[in-house]
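start-v8.csv, holding CSV, N, CA and C atoms:
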chain,number,residue,atom,x,y,z
A,942,MET,N,90.2,89.1,95.4
A,942,MET,CA,90.2,90.5,95.5
A,942,MET,C,90.1,91.0,94.0
A,943,ASN,N,88.9,91.5,93.6
A,943,ASN,CA,88.7,91.9,92.2
A,943,ASN,C,88.8,93.4,92.1
A,944,THR,N,89.1,94.1,93.1
A,944,THR,CA,89.1,95.6,93.1
A,944,THR,C,90.4,96.1,92.4
A,945,LYS,N,90.3,97.2,91.8
A,945,LYS,CA,91.5,97.9,91.2
A,945,LYS,C,91.8,99.2,92.0
A,946,LYS,N,91.2,99.3,93.2
A,946,LYS,CA,91.4,100.5,94.0
A,946,LYS,C,92.8,100.5,94.6
A,947,ARG,N,93.4,101.7,94.7
A,947,ARG,CA,94.8,101.9,95.2
A,947,ARG,C,94.7,102.8,96.4
A,948,VAL,N,95.6,102.6,97.3
A,948,VAL,CA,95.6,103.4,98.5
A,948,VAL,C,97.0,103.8,98.9
A,949,VAL,N,97.1,105.0,99.4
A,949,VAL,CA,98.4,105.4,99.9
A,949,VAL,C,98.3,105.8,101.4
A,950,TYR,N,99.2,105.2,102.2
A,950,TYR,CA,99.3,105.6,103.6
A,950,TYR,C,100.5,106.6,103.7
A,951,ASP,N,100.2,107.8,104.2
A,951,ASP,CA,101.3,108.8,104.3
A,951,ASP,C,101.0,109.6,105.5
A,952,SER,N,101.6,109.4,106.6
A,952,SER,CA,101.3,110.1,107.8
A,952,SER,C,101.5,111.6,107.8
A,953,LYS,N,102.3,112.1,106.9
A,953,LYS,CA,102.6,113.5,106.7
A,953,LYS,C,101.9,114.1,105.5
A,954,ASN,N,101.3,113.3,104.7
A,954,ASN,CA,100.6,113.7,103.5
A,954,ASN,C,101.4,114.4,102.4
A,955,TYR,N,102.7,114.3,102.5
A,955,TYR,CA,103.6,115.0,101.5
A,955,TYR,C,103.6,114.2,100.2
A,956,PHE,N,104.0,113.0,100.3
A,956,PHE,CA,104.1,112.1,99.1
A,956,PHE,C,102.8,111.8,98.5
A,957,SER,N,101.8,111.6,99.3
A,957,SER,CA,100.4,111.3,98.7
A,957,SER,C,99.9,112.4,97.9
A,958,ARG,N,100.1,113.7,98.2
A,958,ARG,CA,99.7,114.8,97.4
A,958,ARG,C,100.5,114.8,96.1
A,959,PHE,N,101.8,114.5,96.1
A,959,PHE,CA,102.6,114.4,94.9
A,959,PHE,C,102.0,113.3,94.0
A,960,LEU,N,101.8,112.1,94.6
A,960,LEU,CA,101.4,110.9,93.9
A,960,LEU,C,100.0,111.2,93.3
A,961,LYS,N,99.1,111.7,94.0
A,961,LYS,CA,97.7,112.0,93.4
A,961,LYS,C,97.8,113.0,92.3
A,962,TYR,N,98.7,114.0,92.4
A,962,TYR,CA,98.8,115.0,91.3
A,962,TYR,C,99.5,114.4,90.1
A,963,GLU,N,100.6,113.8,90.3
A,963,GLU,CA,101.4,113.2,89.1
A,963,GLU,C,100.6,112.1,88.4
A,964,PHE,N,99.8,111.3,89.1
A,964,PHE,CA,99.2,110.2,88.4
A,964,PHE,C,97.7,110.4,88.3
A,965,ARG,N,97.2,111.6,88.4
A,965,ARG,CA,95.8,111.9,88.3
A,965,ARG,C,95.1,111.4,87.1
A,966,LYS,N,95.8,111.3,86.0
A,966,LYS,CA,95.2,110.8,84.7
A,966,LYS,C,95.3,109.3,84.5
A,967,SER,N,96.2,108.7,85.2
A,967,SER,CA,96.5,107.3,85.0
A,967,SER,C,95.9,106.4,86.1
A,968,PHE,N,95.9,106.8,87.4
A,968,PHE,CA,95.5,106.0,88.5
A,968,PHE,C,94.8,106.9,89.5
A,969,LYS,N,93.8,106.3,90.2
A,969,LYS,CA,93.1,107.0,91.3
A,969,LYS,C,93.6,106.4,92.6
A,970,PHE,N,93.9,107.2,93.6
A,970,PHE,CA,94.3,106.8,94.9
A,970,PHE,C,93.4,107.4,96.0
A,971,ASP,N,93.1,106.5,96.9
A,971,ASP,CA,92.6,107.0,98.2
A,971,ASP,C,93.8,107.2,99.1
A,972,SER,N,93.6,108.0,100.1
A,972,SER,CA,94.8,108.3,101.0
A,972,SER,C,94.3,108.3,102.5
A,973,PHE,N,95.3,107.9,103.3
A,973,PHE,CA,95.1,107.9,104.8
A,973,PHE,C,96.3,108.5,105.5
A,974,LYS,N,96.0,109.3,106.5
A,974,LYS,CA,97.1,109.8,107.4
A,974,LYS,C,97.0,109.1,108.7
A,975,ASN,N,95.9,108.6,109.1
A,975,ASN,CA,95.7,107.9,110.4
A,975,ASN,C,95.8,106.4,110.2
A,976,PHE,N,96.8,105.8,110.9
A,976,PHE,CA,97.0,104.4,110.6
A,976,PHE,C,95.9,103.5,111.1
A,977,ASP,N,95.2,103.8,112.2
A,977,ASP,CA,94.1,103.0,112.7
A,977,ASP,C,93.0,102.9,111.6
A,978,SER,N,92.6,104.0,111.1
A,978,SER,CA,91.6,104.1,110.0
A,978,SER,C,92.1,103.3,108.8
A,979,PHE,N,93.3,103.5,108.4
A,979,PHE,CA,93.9,102.8,107.3
A,979,PHE,C,93.9,101.3,107.5
A,980,GLU,N,94.3,100.9,108.6
A,980,GLU,CA,94.5,99.4,108.9
A,980,GLU,C,93.1,98.7,108.8
A,981,ASN,N,92.0,99.4,109.1
A,981,ASN,CA,90.7,98.8,109.0
A,981,ASN,C,90.2,98.7,107.6
A,982,GLU,N,90.8,99.5,106.7
A,982,GLU,CA,90.3,99.5,105.3
A,982,GLU,C,91.1,98.8,104.3
A,983,ILE,N,92.3,98.3,104.6
A,983,ILE,CA,93.3,97.8,103.6
A,983,ILE,C,92.7,96.7,102.8
A,984,ASN,N,91.8,95.9,103.3
A,984,ASN,CA,91.3,94.8,102.5
A,984,ASN,C,90.4,95.2,101.3
A,985,ASN,N,90.1,96.5,101.2
A,985,ASN,CA,89.3,97.0,100.1
A,985,ASN,C,90.2,97.5,99.0
A,986,TYR,N,91.5,97.2,99.0
A,986,TYR,CA,92.4,97.8,98.0
A,986,TYR,C,93.2,96.7,97.4
A,987,SER,N,93.6,96.9,96.1
A,987,SER,CA,94.5,95.9,95.4
A,987,SER,C,96.0,96.3,95.5
A,988,VAL,N,96.3,97.5,95.8
A,988,VAL,CA,97.7,97.9,96.0
A,988,VAL,C,97.8,99.0,97.1
A,989,ILE,N,98.9,98.8,97.9
A,989,ILE,CA,99.1,99.8,99.0
A,989,ILE,C,100.5,100.4,98.7
A,990,VAL,N,100.4,101.8,98.7
A,990,VAL,CA,101.7,102.6,98.7
A,990,VAL,C,101.9,103.0,100.1
A,991,PHE,N,102.9,102.6,100.8
A,991,PHE,CA,103.1,102.9,102.2
A,991,PHE,C,104.4,103.8,102.3
A,992,VAL,N,104.2,105.0,102.8
A,992,VAL,CA,105.3,105.9,103.0
A,992,VAL,C,105.8,105.9,104.4
A,993,ILE,N,107.2,105.7,104.5
A,993,ILE,CA,107.8,105.6,105.8
A,993,ILE,C,108.8,106.7,106.0
A,994,TYR,N,108.6,107.6,107.0
A,994,TYR,CA,109.4,108.7,107.2
A,994,TYR,C,110.5,108.4,108.3
A,995,SER,N,110.1,107.5,109.3
A,995,SER,CA,111.0,107.3,110.4
A,995,SER,C,110.9,105.8,110.8
A,996,GLU,N,111.8,105.4,111.6
A,996,GLU,CA,111.9,104.0,112.1
A,996,GLU,C,110.6,103.7,112.9
A,997,ASP,N,110.0,104.7,113.6
A,997,ASP,CA,108.8,104.5,114.3
A,997,ASP,C,107.7,103.9,113.5
A,998,GLU,N,107.7,104.3,112.2
A,998,GLU,CA,106.6,103.9,111.3
A,998,GLU,C,106.8,102.4,110.8
A,999,LEU,N,107.9,101.9,111.1
A,999,LEU,CA,108.2,100.5,110.8
A,999,LEU,C,107.2,99.5,111.5
A,1000,VAL,N,106.9,99.9,112.7
A,1000,VAL,CA,105.9,99.1,113.5
A,1000,VAL,C,104.6,99.0,112.8
A,1001,ASN,N,104.1,100.1,112.3
A,1001,ASN,CA,102.8,100.1,111.5
A,1001,ASN,C,103.0,99.3,110.2
A,1002,PHE,N,104.1,99.5,109.6
A,1002,PHE,CA,104.3,98.7,108.4
A,1002,PHE,C,104.2,97.2,108.6
A,1003,MET,N,104.9,96.8,109.7
A,1003,MET,CA,104.9,95.3,110.0
A,1003,MET,C,103.5,94.8,110.3
A,1004,LYS,N,102.6,95.7,110.7
A,1004,LYS,CA,101.2,95.2,111.0
A,1004,LYS,C,100.4,94.9,109.7
A,1005,ILE,N,100.8,95.5,108.6
A,1005,ILE,CA,100.1,95.2,107.3
A,1005,ILE,C,100.9,94.3,106.4
A,1006,TYR,N,102.2,94.1,106.7
A,1006,TYR,CA,103.1,93.3,105.9
A,1006,TYR,C,102.6,91.9,105.9
A,1007,LYS,N,102.6,91.2,104.8
A,1007,LYS,CA,102.1,89.8,104.6
A,1007,LYS,C,100.6,89.7,104.7
A,1008,LYS,N,99.9,90.7,104.4
A,1008,LYS,CA,98.4,90.6,104.4
A,1008,LYS,C,97.9,90.1,103.0
A,1009,GLY,N,98.8,89.9,102.1
A,1009,GLY,CA,98.4,89.4,100.8
A,1009,GLY,C,98.1,90.5,99.8
A,1010,ILE,N,98.4,91.8,100.1
A,1010,ILE,CA,98.1,92.9,99.3
A,1010,ILE,C,99.5,93.4,98.8
A,1011,PRO,N,99.7,93.6,97.5
A,1011,PRO,CA,101.0,94.1,97.0
A,1011,PRO,C,101.3,95.5,97.7
A,1012,LEU,N,102.6,95.6,98.1
A,1012,LEU,CA,103.0,96.8,98.8
A,1012,LEU,C,104.2,97.5,98.0
A,1013,ILE,N,104.0,98.8,97.9
A,1013,ILE,CA,105.1,99.6,97.4
A,1013,ILE,C,105.5,100.5,98.6
A,1014,VAL,N,106.7,100.3,99.0
A,1014,VAL,CA,107.1,101.1,100.2
A,1014,VAL,C,108.0,102.2,99.8
A,1015,CYS,N,107.7,103.4,100.2
A,1015,CYS,CA,108.5,104.6,99.8
A,1015,CYS,C,109.2,105.2,101.0
A,1016,THR,N,110.4,105.6,100.9
A,1016,THR,CA,111.1,106.3,101.9
A,1016,THR,C,112.3,107.1,101.3
A,1017,PHE,N,112.6,108.2,101.9
A,1017,PHE,CA,113.8,109.0,101.5
A,1017,PHE,C,115.0,108.7,102.4
A,1018,ASN,N,114.7,108.0,103.5
A,1018,ASN,CA,115.7,107.8,104.6
A,1018,ASN,C,116.7,106.7,104.1
A,1019,GLU,N,117.9,107.0,104.0
A,1019,GLU,CA,118.9,106.0,103.5
A,1019,GLU,C,119.1,104.8,104.4
A,1020,LYS,N,119.1,105.1,105.7
A,1020,LYS,CA,119.2,104.0,106.7
A,1020,LYS,C,118.0,103.0,106.6
A,1021,LEU,N,116.8,103.6,106.4
A,1021,LEU,CA,115.6,102.7,106.3
A,1021,LEU,C,115.7,101.9,105.0
A,1022,LEU,N,116.1,102.6,103.9
A,1022,LEU,CA,116.2,101.9,102.7
A,1022,LEU,C,117.1,100.6,102.8
A,1023,LEU,N,118.3,100.8,103.4
A,1023,LEU,CA,119.2,99.7,103.6
A,1023,LEU,C,118.6,98.6,104.4
A,1024,LYS,N,117.9,98.9,105.5
A,1024,LYS,CA,117.2,97.9,106.3
A,1024,LYS,C,116.1,97.2,105.5
A,1025,MET,N,115.4,97.9,104.7
A,1025,MET,CA,114.2,97.3,104.1
A,1025,MET,C,114.6,96.5,102.8
A,1026,ARG,N,115.8,96.7,102.3
A,1026,ARG,CA,116.2,95.9,101.1
A,1026,ARG,C,116.1,94.4,101.3
A,1027,SER,N,116.2,94.0,102.5
A,1027,SER,CA,116.2,92.5,102.8
A,1027,SER,C,114.8,92.0,103.0
A,1028,ILE,N,113.8,92.8,103.0
A,1028,ILE,CA,112.4,92.4,103.2
A,1028,ILE,C,111.8,91.8,101.8
A,1029,ASP,N,111.4,90.6,101.8
A,1029,ASP,CA,110.8,90.0,100.7
A,1029,ASP,C,109.4,90.5,100.4
A,1030,GLU,N,109.0,90.4,99.1
A,1030,GLU,CA,107.6,90.7,98.7
A,1030,GLU,C,107.2,92.1,98.8
A,1031,ILE,N,108.1,93.1,98.8
A,1031,ILE,CA,107.7,94.5,98.7
A,1031,ILE,C,108.5,95.1,97.5
A,1032,LEU,N,108.0,96.1,97.0
A,1032,LEU,CA,108.7,97.0,96.0
A,1032,LEU,C,109.1,98.2,96.8
A,1033,LEU,N,110.4,98.5,96.7
A,1033,LEU,CA,111.0,99.6,97.5
A,1033,LEU,C,111.3,100.7,96.6
A,1034,LEU,N,110.8,101.9,97.0
A,1034,LEU,CA,111.1,103.1,96.2
A,1034,LEU,C,111.8,104.2,97.0
A,1035,ASP,N,113.0,104.6,96.4
A,1035,ASP,CA,113.8,105.6,97.1
A,1035,ASP,C,113.2,107.0,96.6
A,1036,THR,N,112.5,107.7,97.5
A,1036,THR,CA,111.9,108.9,97.1
A,1036,THR,C,112.9,110.1,97.2
A,1037,SER,N,114.2,109.8,97.5
A,1037,SER,CA,115.2,110.9,97.5
A,1037,SER,C,115.7,111.1,96.1
A,1038,LYS,N,115.4,110.3,95.2
A,1038,LYS,CA,115.8,110.5,93.8
A,1038,LYS,C,115.1,111.7,93.2
A,1039,ILE,N,115.6,112.1,92.1
A,1039,ILE,CA,115.0,113.2,91.4
A,1039,ILE,C,113.5,112.9,91.0
A,1040,LYS,N,112.7,113.9,90.9
A,1040,LYS,CA,111.3,113.7,90.7
A,1040,LYS,C,111.0,112.8,89.4
A,1041,SER,N,111.7,113.1,88.3
A,1041,SER,CA,111.4,112.3,87.1
A,1041,SER,C,111.7,110.8,87.3
A,1042,GLU,N,112.8,110.5,88.0
A,1042,GLU,CA,113.1,109.1,88.3
A,1042,GLU,C,112.1,108.4,89.2
A,1043,VAL,N,111.6,109.1,90.2
A,1043,VAL,CA,110.6,108.6,91.1
A,1043,VAL,C,109.4,108.3,90.3
A,1044,ILE,N,109.0,109.2,89.4
A,1044,ILE,CA,107.7,109.0,88.6
A,1044,ILE,C,107.9,107.8,87.7
A,1045,ILE,N,109.0,107.6,87.1
A,1045,ILE,CA,109.2,106.5,86.2
A,1045,ILE,C,109.2,105.2,86.9
A,1046,GLU,N,109.9,105.1,88.0
A,1046,GLU,CA,110.0,103.9,88.8
A,1046,GLU,C,108.6,103.6,89.4
A,1047,LEU,N,108.0,104.5,90.0
A,1047,LEU,CA,106.7,104.3,90.6
A,1047,LEU,C,105.6,103.8,89.5
A,1048,LYS,N,105.7,104.4,88.4
A,1048,LYS,CA,104.8,104.0,87.3
A,1048,LYS,C,105.0,102.6,86.9
A,1049,SER,N,106.3,102.2,86.8
A,1049,SER,CA,106.6,100.8,86.5
A,1049,SER,C,106.1,99.9,87.5
A,1050,TYR,N,106.3,100.2,88.8
A,1050,TYR,CA,105.8,99.4,89.9
A,1050,TYR,C,104.3,99.2,89.8
A,1051,LEU,N,103.6,100.4,89.6
A,1051,LEU,CA,102.1,100.3,89.6
A,1051,LEU,C,101.6,99.4,88.4
A,1052,ASN,N,102.3,99.6,87.3
A,1052,ASN,CA,101.9,98.7,86.1
A,1052,ASN,C,102.3,97.3,86.4
A,1053,LEU,N,103.4,97.0,87.0
A,1053,LEU,CA,103.8,95.6,87.4
A,1053,LEU,C,102.7,95.0,88.3
A,1054,VAL,N,102.3,95.7,89.3
A,1054,VAL,CA,101.3,95.2,90.3
A,1054,VAL,C,100.0,95.0,89.6
A,1055,ASN,N,99.6,95.9,88.7
A,1055,ASN,CA,98.3,95.8,88.0
A,1055,ASN,C,98.4,94.5,87.1
A,1056,PHE,N,99.5,94.4,86.4
A,1056,PHE,CA,99.7,93.2,85.5
A,1056,PHE,C,99.7,91.9,86.3
A,1057,SER,N,100.4,91.9,87.4
A,1057,SER,CA,100.4,90.6,88.2
A,1057,SER,C,99.2,90.3,88.9
A,1058,SER,N,98.3,91.3,89.1
A,1058,SER,CA,97.0,91.0,89.8
A,1058,SER,C,95.9,90.8,88.9
A,1059,VAL,N,96.1,90.7,87.6
A,1059,VAL,CA,95.0,90.4,86.6
A,1059,VAL,C,94.5,89.0,86.9
A,1060,ASP,N,93.2,88.9,87.0
A,1060,ASP,CA,92.6,87.6,87.2
A,1060,ASP,C,92.5,86.8,85.9
A,1061,LEU,N,93.3,85.7,85.8
A,1061,LEU,CA,93.3,84.9,84.6
A,1061,LEU,C,92.2,83.9,84.5
A,1062,ASN,N,91.3,83.8,85.4
A,1062,ASN,CA,90.2,82.9,85.3
A,1062,ASN,C,89.1,83.4,84.4
What would you get if you wrote out this structure as structure tokens?
Amino acid sequence: MNTKKRVVYDSKNYFSRFLKYEFRKSFKFDSFKNFDSFENEINNYSVIVFVIYSEDELVNFMKIYKKGIPLIVCTFNEKLLLKMRSIDEILLLDTSKIKSEVIIELKSYLNLVNFSSVDLN
């Protein structure tokens, strides 16, 4: 996978608008609200930001988990955060934090994923 394309799945489109606005100068994101369309396109991206609002969306998350694409999972739901802390190989972002903290943490995650996906060949 040599692409540097990033995608955000956000069924309500709240966080994706924030993300696209705050990072408009640093990173470009495609976004999806419809999971079926999103699931068919994920192999075209190097990073997935997946926003989970409810436990129902965990089913969709599990469909893409372990596909080999770095995942940044965002949620404001404290119960979901506790459940997801035990999942390996994801970066978990608590979006209930203040805006400046979310931006700093997300930027560090995006830079980490970019750094770790650099092709050394």
Problem set entry | Among the residues A:Ile993, A:Ile1044, A:Leu1032, A:Leu999, the one that comes closest to Ser952 in chain A [using only N, CA and C atoms] |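 Ranked by minimum distance to Ser952 in chain A, first place goes to A:Ile993.
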Problem set entry | Nearest residue to Val988 in chain A from the set A:Lys1040, A:Lys1008, A:Lys1024, A:Lys966 (distances using only C-alpha atoms) |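 Answer, going by the shortest atom-to-atom distance: A:Lys1008.
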Problem set entry | Nearest residue to Leu1021 in chain A from the set A:Asn1001, A:Ser995, A:Ser987, A:Ser1037 (distances using all atoms listed in the file) |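 Using all atoms listed in the file, the shortest distance to Leu1021 in chain A belongs to A:Ser995.
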Problem set entry | Given only C-alpha atoms as the counted atoms, nearest of A:Lys974, A:Lys1038, A:Lys1007, A:Arg1026 to Tyr950 in chain A | A:Lys974
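For the choices A:Val1014, A:Ser967, A:Ser957, A:Leu1053, the atom-to-atom distance to Leu1034 in chain A is smallest for A:Val1014 when using only N, CA and C atoms.
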Problem set entry | Separation of atom C of Ile1039 in chain A from atom N of Gly1009 in chain A in Å | 29.5 Å
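The space between CA of Val1000 in chain A and CA of Phe1056 in chain A spans 29.3 Å.
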For this session: Could you give me, as a ChimeraX atom specification, each residue of range 999-1059 of chain A that DSSP assigns to strand (DSSP E) when run on this structure's backbone?
Result: /A:1012-1016,1031-1035
Saved selection, atoms kept: N, CA and C atoms, as a short mmCIF file (atom, residue, chain, number, x, y, z; two decimals), keeping the file's coordinate frame:
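New file out16.cif:
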data_model
loop_
_atom_site.label_atom_id
_atom_site.label_comp_id
_atom_site.auth_asym_id
_atom_site.auth_seq_id
_atom_site.Cartn_x
_atom_site.Cartn_y
_atom_site.Cartn_z
N LEU A 1012 102.60 95.60 98.10
CA LEU A 1012 103.00 96.80 98.80
C LEU A 1012 104.20 97.50 98.00
N ILE A 1013 104.00 98.80 97.90
CA ILE A 1013 105.10 99.60 97.40
C ILE A 1013 105.50 100.50 98.60
N VAL A 1014 106.70 100.30 99.00
CA VAL A 1014 107.10 101.10 100.20
C VAL A 1014 108.00 102.20 99.80
N CYS A 1015 107.70 103.40 100.20
CA CYS A 1015 108.50 104.60 99.80
C CYS A 1015 109.20 105.20 101.00
N THR A 1016 110.40 105.60 100.90
CA THR A 1016 111.10 106.30 101.90
C THR A 1016 112.30 107.10 101.30
N ILE A 1031 108.10 93.10 98.80
CA ILE A 1031 107.70 94.50 98.70
C ILE A 1031 108.50 95.10 97.50
N LEU A 1032 108.00 96.10 97.00
CA LEU A 1032 108.70 97.00 96.00
C LEU A 1032 109.10 98.20 96.80
N LEU A 1033 110.40 98.50 96.70
CA LEU A 1033 111.00 99.60 97.50
C LEU A 1033 111.30 100.70 96.60
N LEU A 1034 110.80 101.90 97.00
CA LEU A 1034 111.10 103.10 96.20
C LEU A 1034 111.80 104.20 97.00
N ASP A 1035 113.00 104.60 96.40
CA ASP A 1035 113.80 105.60 97.10
C ASP A 1035 113.20 107.00 96.60
#
Exercise. What is the atom C of Lys953 in chain A to atom N of Phe979 in chain A distance in Å?
Worked result: 14.0 Å
Problem set entry | For Lys961 in chain A: contacts at 12 Å, only C-alpha atoms, fewer than 2 positions along chain excluded, given as a PyMOL selection string | chain A and resi 947-949+951+954-959+963-972+990+1044
With all heavy atoms as the goal, would you fill in the gaps in range 962-972 of chain A and present it as a PDB file, in the coordinates of the input?
ATOM      1  N   TYR A 962      98.700 114.000  92.400  1.00  0.00           N
ATOM      2  CA  TYR A 962      98.800 115.000  91.300  1.00  0.00           C
ATOM      3  C   TYR A 962      99.500 114.400  90.100  1.00  0.00           C
ATOM      4  O   TYR A 962      98.948 114.524  88.977  1.00  0.00           O
ATOM      5  CB  TYR A 962      99.554 116.200  91.828  1.00  0.00           C
ATOM      6  CG  TYR A 962      99.732 117.232  90.744  1.00  0.00           C
ATOM      7  CD1 TYR A 962      98.685 118.085  90.407  1.00  0.00           C
ATOM      8  CD2 TYR A 962     100.926 117.337  90.051  1.00  0.00           C
ATOM      9  CE1 TYR A 962      98.830 119.018  89.394  1.00  0.00           C
ATOM     10  CE2 TYR A 962     101.075 118.267  89.029  1.00  0.00           C
ATOM     11  CZ  TYR A 962     100.034 119.109  88.708  1.00  0.00           C
ATOM     12  OH  TYR A 962     100.180 120.019  87.700  1.00  0.00           O
ATOM     13  N   GLU A 963     100.600 113.800  90.300  1.00  0.00           N
ATOM     14  CA  GLU A 963     101.400 113.200  89.100  1.00  0.00           C
ATOM     15  C   GLU A 963     100.600 112.100  88.400  1.00  0.00           C
ATOM     16  O   GLU A 963     100.831 111.965  87.184  1.00  0.00           O
ATOM     17  CB  GLU A 963     102.731 112.740  89.599  1.00  0.00           C
ATOM     18  CG  GLU A 963     103.671 113.840  89.995  1.00  0.00           C
ATOM     19  CD  GLU A 963     104.025 114.804  88.867  1.00  0.00           C
ATOM     20  OE1 GLU A 963     104.054 114.394  87.688  1.00  0.00           O
ATOM     21  OE2 GLU A 963     104.271 115.979  89.174  1.00  0.00           O
ATOM     22  N   PHE A 964      99.800 111.300  89.100  1.00  0.00           N
ATOM     23  CA  PHE A 964      99.200 110.200  88.400  1.00  0.00           C
ATOM     24  C   PHE A 964      97.700 110.400  88.300  1.00  0.00           C
ATOM     25  O   PHE A 964      96.960 109.415  88.057  1.00  0.00           O
ATOM     26  CB  PHE A 964      99.491 108.918  89.233  1.00  0.00           C
ATOM     27  CG  PHE A 964     100.925 108.506  89.142  1.00  0.00           C
ATOM     28  CD1 PHE A 964     101.825 108.857  90.138  1.00  0.00           C
ATOM     29  CD2 PHE A 964     101.384 107.791  88.053  1.00  0.00           C
ATOM     30  CE1 PHE A 964     103.156 108.498  90.052  1.00  0.00           C
ATOM     31  CE2 PHE A 964     102.715 107.425  87.955  1.00  0.00           C
ATOM     32  CZ  PHE A 964     103.604 107.779  88.954  1.00  0.00           C
ATOM     33  N   ARG A 965      97.200 111.600  88.400  1.00  0.00           N
ATOM     34  CA  ARG A 965      95.800 111.900  88.300  1.00  0.00           C
ATOM     35  C   ARG A 965      95.100 111.400  87.100  1.00  0.00           C
ATOM     36  O   ARG A 965      93.911 111.041  87.101  1.00  0.00           O
ATOM     37  CB  ARG A 965      95.501 113.346  88.570  1.00  0.00           C
ATOM     38  CG  ARG A 965      95.960 114.264  87.466  1.00  0.00           C
ATOM     39  CD  ARG A 965      95.866 115.739  87.865  1.00  0.00           C
ATOM     40  NE  ARG A 965      96.386 116.602  86.828  1.00  0.00           N
ATOM     41  CZ  ARG A 965      97.675 116.872  86.625  1.00  0.00           C
ATOM     42  NH1 ARG A 965      98.584 116.334  87.424  1.00  0.00           N
ATOM     43  NH2 ARG A 965      98.061 117.675  85.650  1.00  0.00           N
ATOM     44  N   LYS A 966      95.800 111.300  86.000  1.00  0.00           N
ATOM     45  CA  LYS A 966      95.200 110.800  84.700  1.00  0.00           C
ATOM     46  C   LYS A 966      95.300 109.300  84.500  1.00  0.00           C
ATOM     47  O   LYS A 966      94.520 108.759  83.781  1.00  0.00           O
ATOM     48  CB  LYS A 966      95.864 111.545  83.526  1.00  0.00           C
ATOM     49  CG  LYS A 966      95.588 113.029  83.497  1.00  0.00           C
ATOM     50  CD  LYS A 966      96.265 113.693  82.329  1.00  0.00           C
ATOM     51  CE  LYS A 966      96.003 115.200  82.370  1.00  0.00           C
ATOM     52  NZ  LYS A 966      96.738 115.901  81.328  1.00  0.00           N
ATOM     53  N   SER A 967      96.200 108.700  85.200  1.00  0.00           N
ATOM     54  CA  SER A 967      96.500 107.300  85.000  1.00  0.00           C
ATOM     55  C   SER A 967      95.900 106.400  86.100  1.00  0.00           C
ATOM     56  O   SER A 967      95.366 105.310  85.836  1.00  0.00           O
ATOM     57  CB  SER A 967      97.961 106.997  84.996  1.00  0.00           C
ATOM     58  OG  SER A 967      98.610 107.813  84.081  1.00  0.00           O
ATOM     59  N   PHE A 968      95.900 106.800  87.400  1.00  0.00           N
ATOM     60  CA  PHE A 968      95.500 106.000  88.500  1.00  0.00           C
ATOM     61  C   PHE A 968      94.800 106.900  89.500  1.00  0.00           C
ATOM     62  O   PHE A 968      95.117 108.049  89.703  1.00  0.00           O
ATOM     63  CB  PHE A 968      96.756 105.423  89.221  1.00  0.00           C
ATOM     64  CG  PHE A 968      97.630 104.578  88.343  1.00  0.00           C
ATOM     65  CD1 PHE A 968      98.818 105.073  87.838  1.00  0.00           C
ATOM     66  CD2 PHE A 968      97.275 103.274  88.031  1.00  0.00           C
ATOM     67  CE1 PHE A 968      99.643 104.294  87.041  1.00  0.00           C
ATOM     68  CE2 PHE A 968      98.089 102.488  87.235  1.00  0.00           C
ATOM     69  CZ  PHE A 968      99.276 102.993  86.736  1.00  0.00           C
ATOM     70  N   LYS A 969      93.800 106.300  90.200  1.00  0.00           N
ATOM     71  CA  LYS A 969      93.100 107.000  91.300  1.00  0.00           C
ATOM     72  C   LYS A 969      93.600 106.400  92.600  1.00  0.00           C
ATOM     73  O   LYS A 969      93.683 105.140  92.717  1.00  0.00           O
ATOM     74  CB  LYS A 969      91.614 106.790  91.115  1.00  0.00           C
ATOM     75  CG  LYS A 969      90.821 107.525  92.177  1.00  0.00           C
ATOM     76  CD  LYS A 969      89.346 107.254  92.042  1.00  0.00           C
ATOM     77  CE  LYS A 969      88.531 107.953  93.084  1.00  0.00           C
ATOM     78  NZ  LYS A 969      88.932 107.743  94.450  1.00  0.00           N
ATOM     79  N   PHE A 970      93.900 107.200  93.600  1.00  0.00           N
ATOM     80  CA  PHE A 970      94.300 106.800  94.900  1.00  0.00           C
ATOM     81  C   PHE A 970      93.400 107.400  96.000  1.00  0.00           C
ATOM     82  O   PHE A 970      93.075 108.521  95.926  1.00  0.00           O
ATOM     83  CB  PHE A 970      95.742 107.305  95.148  1.00  0.00           C
ATOM     84  CG  PHE A 970      96.797 106.664  94.323  1.00  0.00           C
ATOM     85  CD1 PHE A 970      97.169 107.207  93.109  1.00  0.00           C
ATOM     86  CD2 PHE A 970      97.430 105.516  94.759  1.00  0.00           C
ATOM     87  CE1 PHE A 970      98.153 106.624  92.335  1.00  0.00           C
ATOM     88  CE2 PHE A 970      98.420 104.919  93.994  1.00  0.00           C
ATOM     89  CZ  PHE A 970      98.782 105.474  92.779  1.00  0.00           C
ATOM     90  N   ASP A 971      93.100 106.500  96.900  1.00  0.00           N
ATOM     91  CA  ASP A 971      92.600 107.000  98.200  1.00  0.00           C
ATOM     92  C   ASP A 971      93.800 107.200  99.100  1.00  0.00           C
ATOM     93  O   ASP A 971      94.849 106.631  98.862  1.00  0.00           O
ATOM     94  CB  ASP A 971      91.645 105.974  98.829  1.00  0.00           C
ATOM     95  CG  ASP A 971      90.363 105.772  98.029  1.00  0.00           C
ATOM     96  OD1 ASP A 971      90.000 106.671  97.241  1.00  0.00           O
ATOM     97  OD2 ASP A 971      89.734 104.707  98.185  1.00  0.00           O
ATOM     98  N   SER A 972      93.600 108.000 100.100  1.00  0.00           N
ATOM     99  CA  SER A 972      94.800 108.300 101.000  1.00  0.00           C
ATOM    100  C   SER A 972      94.300 108.300 102.500  1.00  0.00           C
ATOM    101  O   SER A 972      93.209 108.693 102.760  1.00  0.00           O
ATOM    102  CB  SER A 972      95.532 109.547 100.621  1.00  0.00           C
ATOM    103  OG  SER A 972      94.714 110.669 100.755  1.00  0.00           O
TER     104      SER A 972
END
